[in-house]
Amino acid sequence: VLFQIRDLLDKNPPISPKIKVFGFDDSTVAAVKKMDLPLSWWALMFQSLAKQKPKAILIDKIFDRQYPKADVEKFRKIMAAVDVPLTTVGFISDKKIPLRKVLGDHHQTHRIETFGLTPQSKNPQVVPEFFYGANEMLAPSVDRIGHAVYPGDGSIKAFYRTDAETMVPHWCFTVAEQLGLTAAGFFVDGFPVPLDSQNNLQLNISPREKYSERTYSLLPVLARMNKKKPISVVNEGDYVVILPAYYTGNTDFKRTPMGVMPGGFAMVSLLNSVVTQQWITPFKWPFVLSLLAWLLACLVGYSFTPKPFLVVFSSTSLGFVLTVVVAFVYFNCIVSWVLPLLSFNLSAILCFGQKTYLQNLQRALFEKELEMTSVVQESM
């Protein structure tokens, strides 16, 4: 609801002009007559993009197939001359998958020292899991591999600690120059990233059309690559994102706070937060807020007569909702509002009802006492 209100007020987070998104869309599928490119074509594309000197190239692809040896050798030869970091994705499994190899520790990205920690660090806790990514023949040619796990609930885990020495960051955090995890929190290039107790962060996501408008087809890129022309839409220092499953009929669609959209857009929204430092910060003391709401409800319920009570009760409830909306829309602070609002409403009604019942009971007793006094006087 809060995201919808923010959209109505046109306060969605702006997408950085440094992020260039390319999709393997329907026109690309129709032109190449395939739903994927040969391995050497991917390498040539990375090479063409790298000539524009972007800061990083990120592709939402695992590269875990068993490719022909000749293709692998060509890929590795081309990538050896590419001087721009290439990031691919991997996934986490709580069970070992038969016939698939767990990604080794050849990537410095996954060493726990990258986060400023040591194997002896107790936080975060180790959760024994298995990380799968590019196959062992291609992985050495990939500079960085991050996880792309998104459960579809609007939040993403910043990192997984799969063993004492390994931390796997999210795909988008691999573009950072420096990652740090201290007692003060999680930092990306020196800027704090708000995480909850489970190391999750809230996606600061915009409507689907905002990302669609900024997504280019890969077909012109392939055409310019074949003609050895520069890909002029990419500028030095840009972040290039490639979505290989952007065509109709793929299954990479996820639920987000702004509705169902391609899963790649969820990751683009996170990358945008990394680049612009536009994070959604959760309110840290929801139970304190609920307690304050209960105390205020008791005060309101016991202090006012019916008409003033209705006015104060309604205005306080409305004021709280408006405060939550303003905090989110203008300050990127998300407040857990359901429990405090229920606490206030139910407590205020119960307190007012109890007070009214006691007042009516006292009035009835007083009237009965007056009646008995009157009867006694008449009998005398």
# chains A, B, ... in the order shown; residues from 1 in each chain; ligands from 1

$ residues_around --residues "segment 195-205 of chain A" --least-positions-apart "2" --cutoff "9 Å" --atoms "only C-alpha atoms" --output "PyMOL selection string"
chain A and resi 3+12-13+124+154-160+185-186+193+207-208+256-258+265-270+272-273+278-282+284+332

$ write_last_selection --atoms "N, CA, C and O atoms" --output "short mmCIF file (atom, residue, chain, number, x, y, z; two decimals), in the first residue's frame"
data_model
loop_
_atom_site.label_atom_id
_atom_site.label_comp_id
_atom_site.auth_asym_id
_atom_site.auth_seq_id
_atom_site.Cartn_x
_atom_site.Cartn_y
_atom_site.Cartn_z
N PHE A 3 3.88 1.64 -1.09
CA PHE A 3 4.53 1.81 -2.39
C PHE A 3 3.56 2.37 -3.41
O PHE A 3 3.94 3.21 -4.24
N ASN A 12 8.59 8.11 -6.54
CA ASN A 12 9.41 6.92 -6.69
C ASN A 12 10.88 7.29 -6.75
O ASN A 12 11.23 8.37 -7.25
N PRO A 13 11.78 6.42 -6.27
CA PRO A 13 13.20 6.74 -6.32
C PRO A 13 13.68 6.83 -7.76
O PRO A 13 13.42 5.92 -8.56
N PRO A 124 28.06 -12.62 11.14
CA PRO A 124 26.82 -13.39 11.27
C PRO A 124 27.09 -14.87 11.50
O PRO A 124 28.19 -15.35 11.24
N GLY A 154 9.53 -8.94 -1.18
CA GLY A 154 9.93 -7.54 -1.09
C GLY A 154 11.24 -7.31 -0.37
O GLY A 154 11.70 -6.17 -0.28
N SER A 155 11.85 -8.37 0.15
CA SER A 155 13.12 -8.22 0.84
C SER A 155 14.15 -9.18 0.26
O SER A 155 13.80 -10.21 -0.32
N ILE A 156 15.43 -8.82 0.41
CA ILE A 156 16.53 -9.62 -0.12
C ILE A 156 17.59 -9.76 0.97
O ILE A 156 17.90 -8.79 1.67
N LYS A 157 18.16 -10.95 1.08
CA LYS A 157 19.24 -11.15 2.04
C LYS A 157 20.52 -10.58 1.47
O LYS A 157 20.91 -10.88 0.34
N ALA A 158 21.19 -9.74 2.26
CA ALA A 158 22.39 -9.06 1.76
C ALA A 158 23.54 -10.01 1.52
O ALA A 158 24.33 -9.82 0.59
N PHE A 159 23.64 -11.05 2.32
CA PHE A 159 24.74 -12.00 2.18
C PHE A 159 24.40 -13.28 2.91
O PHE A 159 23.54 -13.33 3.78
N TYR A 160 25.09 -14.35 2.53
CA TYR A 160 24.98 -15.64 3.20
C TYR A 160 26.37 -16.03 3.70
O TYR A 160 27.36 -15.91 2.97
N GLY A 185 27.06 -2.11 11.97
CA GLY A 185 26.18 -2.44 10.86
C GLY A 185 26.93 -2.84 9.61
O GLY A 185 28.15 -3.08 9.62
N PHE A 186 26.20 -2.90 8.52
CA PHE A 186 26.73 -3.30 7.21
C PHE A 186 26.99 -2.04 6.39
O PHE A 186 26.12 -1.17 6.29
N VAL A 193 24.05 0.41 5.24
CA VAL A 193 22.91 -0.23 4.58
C VAL A 193 22.01 -0.79 5.67
O VAL A 193 22.45 -1.62 6.47
N PRO A 207 7.60 1.25 -9.99
CA PRO A 207 6.70 0.48 -10.85
C PRO A 207 7.45 -0.16 -12.03
O PRO A 207 8.51 0.33 -12.45
N ARG A 208 6.88 -1.22 -12.52
CA ARG A 208 7.51 -1.98 -13.61
C ARG A 208 7.83 -1.11 -14.81
O ARG A 208 8.91 -1.25 -15.41
N THR A 256 6.57 -8.46 -6.23
CA THR A 256 7.25 -7.36 -5.55
C THR A 256 6.19 -6.47 -4.91
O THR A 256 4.98 -6.63 -5.18
N PRO A 257 6.59 -5.51 -4.08
CA PRO A 257 5.61 -4.58 -3.52
C PRO A 257 4.87 -3.76 -4.58
O PRO A 257 3.83 -3.17 -4.29
N MET A 258 5.41 -3.73 -5.81
CA MET A 258 4.75 -3.00 -6.90
C MET A 258 4.15 -3.94 -7.93
O MET A 258 3.93 -3.57 -9.08
N PHE A 265 14.27 -6.96 -12.69
CA PHE A 265 13.98 -5.59 -12.27
C PHE A 265 14.14 -5.43 -10.75
O PHE A 265 14.51 -4.36 -10.27
N ALA A 266 13.84 -6.50 -10.01
CA ALA A 266 14.06 -6.44 -8.57
C ALA A 266 15.53 -6.23 -8.26
O ALA A 266 15.90 -5.47 -7.36
N MET A 267 16.40 -6.90 -9.04
CA MET A 267 17.83 -6.75 -8.81
C MET A 267 18.33 -5.40 -9.31
O MET A 267 19.24 -4.81 -8.72
N VAL A 268 17.73 -4.87 -10.37
CA VAL A 268 18.09 -3.53 -10.83
C VAL A 268 17.74 -2.50 -9.76
O VAL A 268 18.49 -1.54 -9.52
N SER A 269 16.61 -2.70 -9.08
CA SER A 269 16.23 -1.76 -8.02
C SER A 269 17.24 -1.78 -6.89
O SER A 269 17.57 -0.73 -6.30
N LEU A 270 17.77 -2.97 -6.57
CA LEU A 270 18.78 -3.06 -5.52
C LEU A 270 20.09 -2.43 -5.98
O LEU A 270 20.75 -1.72 -5.21
N ASN A 272 20.35 -0.02 -8.02
CA ASN A 272 20.11 1.42 -7.98
C ASN A 272 20.32 1.98 -6.57
O ASN A 272 20.88 3.07 -6.39
N SER A 273 19.91 1.20 -5.56
CA SER A 273 20.14 1.63 -4.18
C SER A 273 21.64 1.64 -3.85
O SER A 273 22.11 2.54 -3.15
N GLN A 278 20.03 5.14 -1.96
CA GLN A 278 18.64 5.37 -1.61
C GLN A 278 18.08 4.08 -1.00
O GLN A 278 17.63 3.20 -1.72
N TRP A 279 18.12 3.99 0.32
CA TRP A 279 17.69 2.78 1.01
C TRP A 279 16.40 3.04 1.76
O TRP A 279 16.13 4.17 2.19
N ILE A 280 15.62 1.99 1.94
CA ILE A 280 14.46 2.07 2.83
C ILE A 280 14.91 1.60 4.21
O ILE A 280 15.44 0.50 4.37
N THR A 281 14.71 2.46 5.18
CA THR A 281 15.14 2.17 6.55
C THR A 281 13.95 1.72 7.39
O THR A 281 12.99 2.48 7.54
N PRO A 282 13.97 0.52 7.93
CA PRO A 282 12.87 0.08 8.80
C PRO A 282 12.96 0.76 10.16
O PRO A 282 14.06 1.00 10.68
N LYS A 284 13.19 0.97 13.90
CA LYS A 284 13.87 -0.04 14.70
C LYS A 284 13.14 -0.46 15.97
O LYS A 284 13.50 -1.47 16.58
N ASN A 332 11.82 7.74 3.33
CA ASN A 332 12.22 6.35 3.08
C ASN A 332 12.33 5.53 4.35
O ASN A 332 13.18 4.64 4.47
#

$ residues_around --residues "Lys229 of chain A" --least-positions-apart "2" --cutoff "12 Å" --atoms "only C-alpha atoms" --output "NGL selection string"
:A and (45 or 47-49 or 51-52 or 220-227 or 231-233)

$ residues_around --residues "Thr114 of chain A" --least-positions-apart "3" --cutoff "10 Å" --atoms "only C-alpha atoms" --output "list of chain:residue names"
A:Gln108, A:Thr109, A:His110, A:Arg111, A:Leu117, A:Thr118, A:Thr166, A:Met167, A:Pro169, A:Gln178, A:Leu179, A:Gly180, A:Leu181

$ write_last_selection --atoms "N, CA and C atoms" --output "PDB file, in the first residue's frame"
ATOM      1  N   GLN A 108      37.785 -14.199  -4.738  1.00  0.00           N
ATOM      2  CA  GLN A 108      38.106 -13.394  -3.567  1.00  0.00           C
ATOM      3  C   GLN A 108      36.857 -12.722  -3.007  1.00  0.00           C
ATOM      4  N   THR A 109      35.855 -12.513  -3.883  1.00  0.00           N
ATOM      5  CA  THR A 109      34.594 -11.900  -3.469  1.00  0.00           C
ATOM      6  C   THR A 109      33.976 -12.651  -2.296  1.00  0.00           C
ATOM      7  N   HIS A 110      34.206 -13.953  -2.222  1.00  0.00           N
ATOM      8  CA  HIS A 110      33.533 -14.773  -1.226  1.00  0.00           C
ATOM      9  C   HIS A 110      34.343 -14.984   0.049  1.00  0.00           C
ATOM     10  N   ARG A 111      35.561 -14.488   0.082  1.00  0.00           N
ATOM     11  CA  ARG A 111      36.359 -14.638   1.287  1.00  0.00           C
ATOM     12  C   ARG A 111      35.814 -13.726   2.374  1.00  0.00           C
ATOM     13  N   LEU A 117      36.077  -9.219   8.173  1.00  0.00           N
ATOM     14  CA  LEU A 117      35.901 -10.174   9.254  1.00  0.00           C
ATOM     15  C   LEU A 117      36.992 -11.246   9.199  1.00  0.00           C
ATOM     16  N   THR A 118      36.999 -12.096  10.171  1.00  0.00           N
ATOM     17  CA  THR A 118      37.913 -13.235  10.204  1.00  0.00           C
ATOM     18  C   THR A 118      37.093 -14.512  10.370  1.00  0.00           C
ATOM     19  N   THR A 166      33.579 -18.281   4.416  1.00  0.00           N
ATOM     20  CA  THR A 166      32.926 -17.864   3.174  1.00  0.00           C
ATOM     21  C   THR A 166      31.697 -16.993   3.436  1.00  0.00           C
ATOM     22  N   MET A 167      31.657 -15.852   2.765  1.00  0.00           N
ATOM     23  CA  MET A 167      30.480 -14.966   2.775  1.00  0.00           C
ATOM     24  C   MET A 167      30.123 -14.684   1.322  1.00  0.00           C
ATOM     25  N   PRO A 169      28.018 -12.412  -1.042  1.00  0.00           N
ATOM     26  CA  PRO A 169      27.175 -11.215  -1.103  1.00  0.00           C
ATOM     27  C   PRO A 169      26.149 -11.309  -2.223  1.00  0.00           C
ATOM     28  N   GLN A 178      34.233  -1.446  -1.591  1.00  0.00           N
ATOM     29  CA  GLN A 178      34.532  -1.939  -0.247  1.00  0.00           C
ATOM     30  C   GLN A 178      33.253  -2.359   0.458  1.00  0.00           C
ATOM     31  N   LEU A 179      33.282  -3.531   1.079  1.00  0.00           N
ATOM     32  CA  LEU A 179      32.190  -4.012   1.913  1.00  0.00           C
ATOM     33  C   LEU A 179      32.702  -4.147   3.337  1.00  0.00           C
ATOM     34  N   GLY A 180      31.861  -3.851   4.294  1.00  0.00           N
ATOM     35  CA  GLY A 180      32.276  -3.970   5.684  1.00  0.00           C
ATOM     36  C   GLY A 180      31.121  -4.359   6.578  1.00  0.00           C
ATOM     37  N   LEU A 181      31.369  -5.257   7.503  1.00  0.00           N
ATOM     38  CA  LEU A 181      30.359  -5.670   8.473  1.00  0.00           C
ATOM     39  C   LEU A 181      30.977  -5.536   9.858  1.00  0.00           C
TER      40      LEU A 181
END

$ residues_around --residues "Ser317 of chain A" --least-positions-apart "4" --cutoff "8 Å" --atoms "only C-alpha atoms" --output "list in words"
Phe313, Val321, Leu341, Phe344 and Asn345 of chain A

$ closest_atom_pairs --of "segment 140-258 of chain A" --to "segment 83-95 of chain A" --cutoff "6 Å" --atoms "only C-alpha atoms" --output "tab-separated table"
residue	atom	partner	partner_atom	distance
A:Val142	CA	A:Leu86	CA	5.7
A:Asp143	CA	A:Leu86	CA	5.3
A:Arg144	CA	A:Thr87	CA	4.6
A:Ile145	CA	A:Thr88	CA	5.0
A:Gly146	CA	A:Val89	CA	5.1
A:His147	CA	A:Gly90	CA	4.7
A:Ala148	CA	A:Val89	CA	5.8

$ closest_residue --among "A:Tyr239, A:Tyr357, A:Tyr246, A:Phe191" --to "Thr215 of chain A" --atoms "only C-alpha atoms"
A:Tyr246

$ select_by_dssp --residues "segment 202-316 of chain A" --states "alpha helix (DSSP H)" --output "VMD selection string"
chain A and resid 208 to 212 218 to 226 263 to 276 286 to 303 306 to 316

$ residues_around --residues "Met35 of chain A" --least-positions-apart "2" --cutoff "10 Å" --atoms "only C-alpha atoms" --output "PyMOL selection string"
chain A and resi 24-26+28-30+32-33+37+244-247+250

$ select_by_dssp --residues "segment 116-200 of chain A" --states "strand (DSSP E or B)" --output "ChimeraX atom specification"
/A:130-132,144-147,155-157,159-163,166-170,179-182,185-188,191-193,200

$ residues_around --residues "Trp294 of chain A" --least-positions-apart "4" --cutoff "9 Å" --atoms "only C-alpha atoms" --output "number ranges by chain"
A: 289-290, 298-299, 340, 343-348

$ closest_residue --among "A:Ala183, A:Val188, A:Met261, A:Ile242" --to "Phe46 of chain A" --atoms "only C-alpha atoms"
A:Ile242

$ atom_distance --atom1 "atom CA of Phe22 of chain A" --atom2 "atom CA of Ile78 of chain A"
20.9 Å

$ atom_distance --atom1 "atom CA of Phe63 of chain A" --atom2 "atom CA of Val149 of chain A"
16.1 Å

$ atom_distance --atom1 "atom CA of Val168 of chain A" --atom2 "atom CA of Gly152 of chain A"
19.5 Å

$ closest_residue --among "A:Leu342, A:Ser141, A:Thr316, A:Phe309" --to "Leu291 of chain A" --atoms "only C-alpha atoms"
A:Leu342

$ residues_around --residues "Pro54 of chain A" --least-positions-apart "4" --cutoff "7 Å" --atoms "only C-alpha atoms" --output "PyMOL selection string"
chain A and resi 50+84+235-240

$ write_last_selection --atoms "all heavy atoms" --output "tab-separated table (two decimals), in the first residue's frame"
chain	number	residue	atom	x	y	z
A	50	ALA	N	32.92	-3.67	-22.90
A	50	ALA	CA	34.06	-3.25	-22.09
A	50	ALA	C	34.85	-2.12	-22.75
A	50	ALA	O	35.51	-1.33	-22.06
A	50	ALA	CB	34.98	-4.44	-21.82
A	84	VAL	N	37.23	-5.10	-17.72
A	84	VAL	CA	36.11	-4.62	-16.92
A	84	VAL	C	35.55	-5.79	-16.12
A	84	VAL	O	35.34	-6.87	-16.68
A	84	VAL	CB	35.00	-4.00	-17.80
A	84	VAL	CG1	33.76	-3.65	-16.98
A	84	VAL	CG2	35.52	-2.76	-18.53
A	235	ASN	N	28.36	4.62	-21.39
A	235	ASN	CA	29.40	5.61	-21.15
A	235	ASN	C	30.38	5.12	-20.10
A	235	ASN	O	30.10	4.18	-19.35
A	235	ASN	CB	28.77	6.94	-20.68
A	235	ASN	CG	27.78	7.49	-21.69
A	235	ASN	OD1	28.09	7.57	-22.89
A	235	ASN	ND2	26.59	7.84	-21.23
A	236	GLU	N	31.52	5.76	-20.05
A	236	GLU	CA	32.52	5.40	-19.06
A	236	GLU	C	31.96	5.56	-17.65
A	236	GLU	O	31.31	6.57	-17.33
A	236	GLU	CB	33.76	6.28	-19.23
A	236	GLU	CG	34.89	5.90	-18.29
A	236	GLU	CD	36.17	6.69	-18.55
A	236	GLU	OE1	36.22	7.42	-19.57
A	236	GLU	OE2	37.10	6.57	-17.75
A	237	GLY	N	32.18	4.55	-16.81
A	237	GLY	CA	31.70	4.60	-15.43
A	237	GLY	C	30.30	4.08	-15.24
A	237	GLY	O	29.80	4.04	-14.10
A	238	ASP	N	29.64	3.64	-16.32
A	238	ASP	CA	28.28	3.10	-16.20
A	238	ASP	C	28.31	1.69	-15.60
A	238	ASP	O	29.34	1.02	-15.56
A	238	ASP	CB	27.60	3.03	-17.57
A	238	ASP	CG	27.11	4.39	-18.04
A	238	ASP	OD1	27.12	5.34	-17.23
A	238	ASP	OD2	26.73	4.50	-19.23
A	239	TYR	N	27.13	1.27	-15.15
A	239	TYR	CA	26.92	-0.11	-14.68
A	239	TYR	C	26.02	-0.79	-15.71
A	239	TYR	O	24.85	-0.40	-15.87
A	239	TYR	CB	26.25	-0.12	-13.31
A	239	TYR	CG	27.07	0.55	-12.23
A	239	TYR	CD1	26.99	1.92	-12.02
A	239	TYR	CD2	27.93	-0.19	-11.41
A	239	TYR	CE1	27.74	2.55	-11.03
A	239	TYR	CE2	28.67	0.43	-10.41
A	239	TYR	CZ	28.58	1.80	-10.24
A	239	TYR	OH	29.32	2.41	-9.27
A	240	VAL	N	26.55	-1.76	-16.41
A	240	VAL	CA	25.80	-2.44	-17.47
A	240	VAL	C	25.15	-3.69	-16.88
A	240	VAL	O	25.82	-4.54	-16.29
A	240	VAL	CB	26.73	-2.83	-18.64
A	240	VAL	CG1	25.95	-3.63	-19.68
A	240	VAL	CG2	27.32	-1.58	-19.27
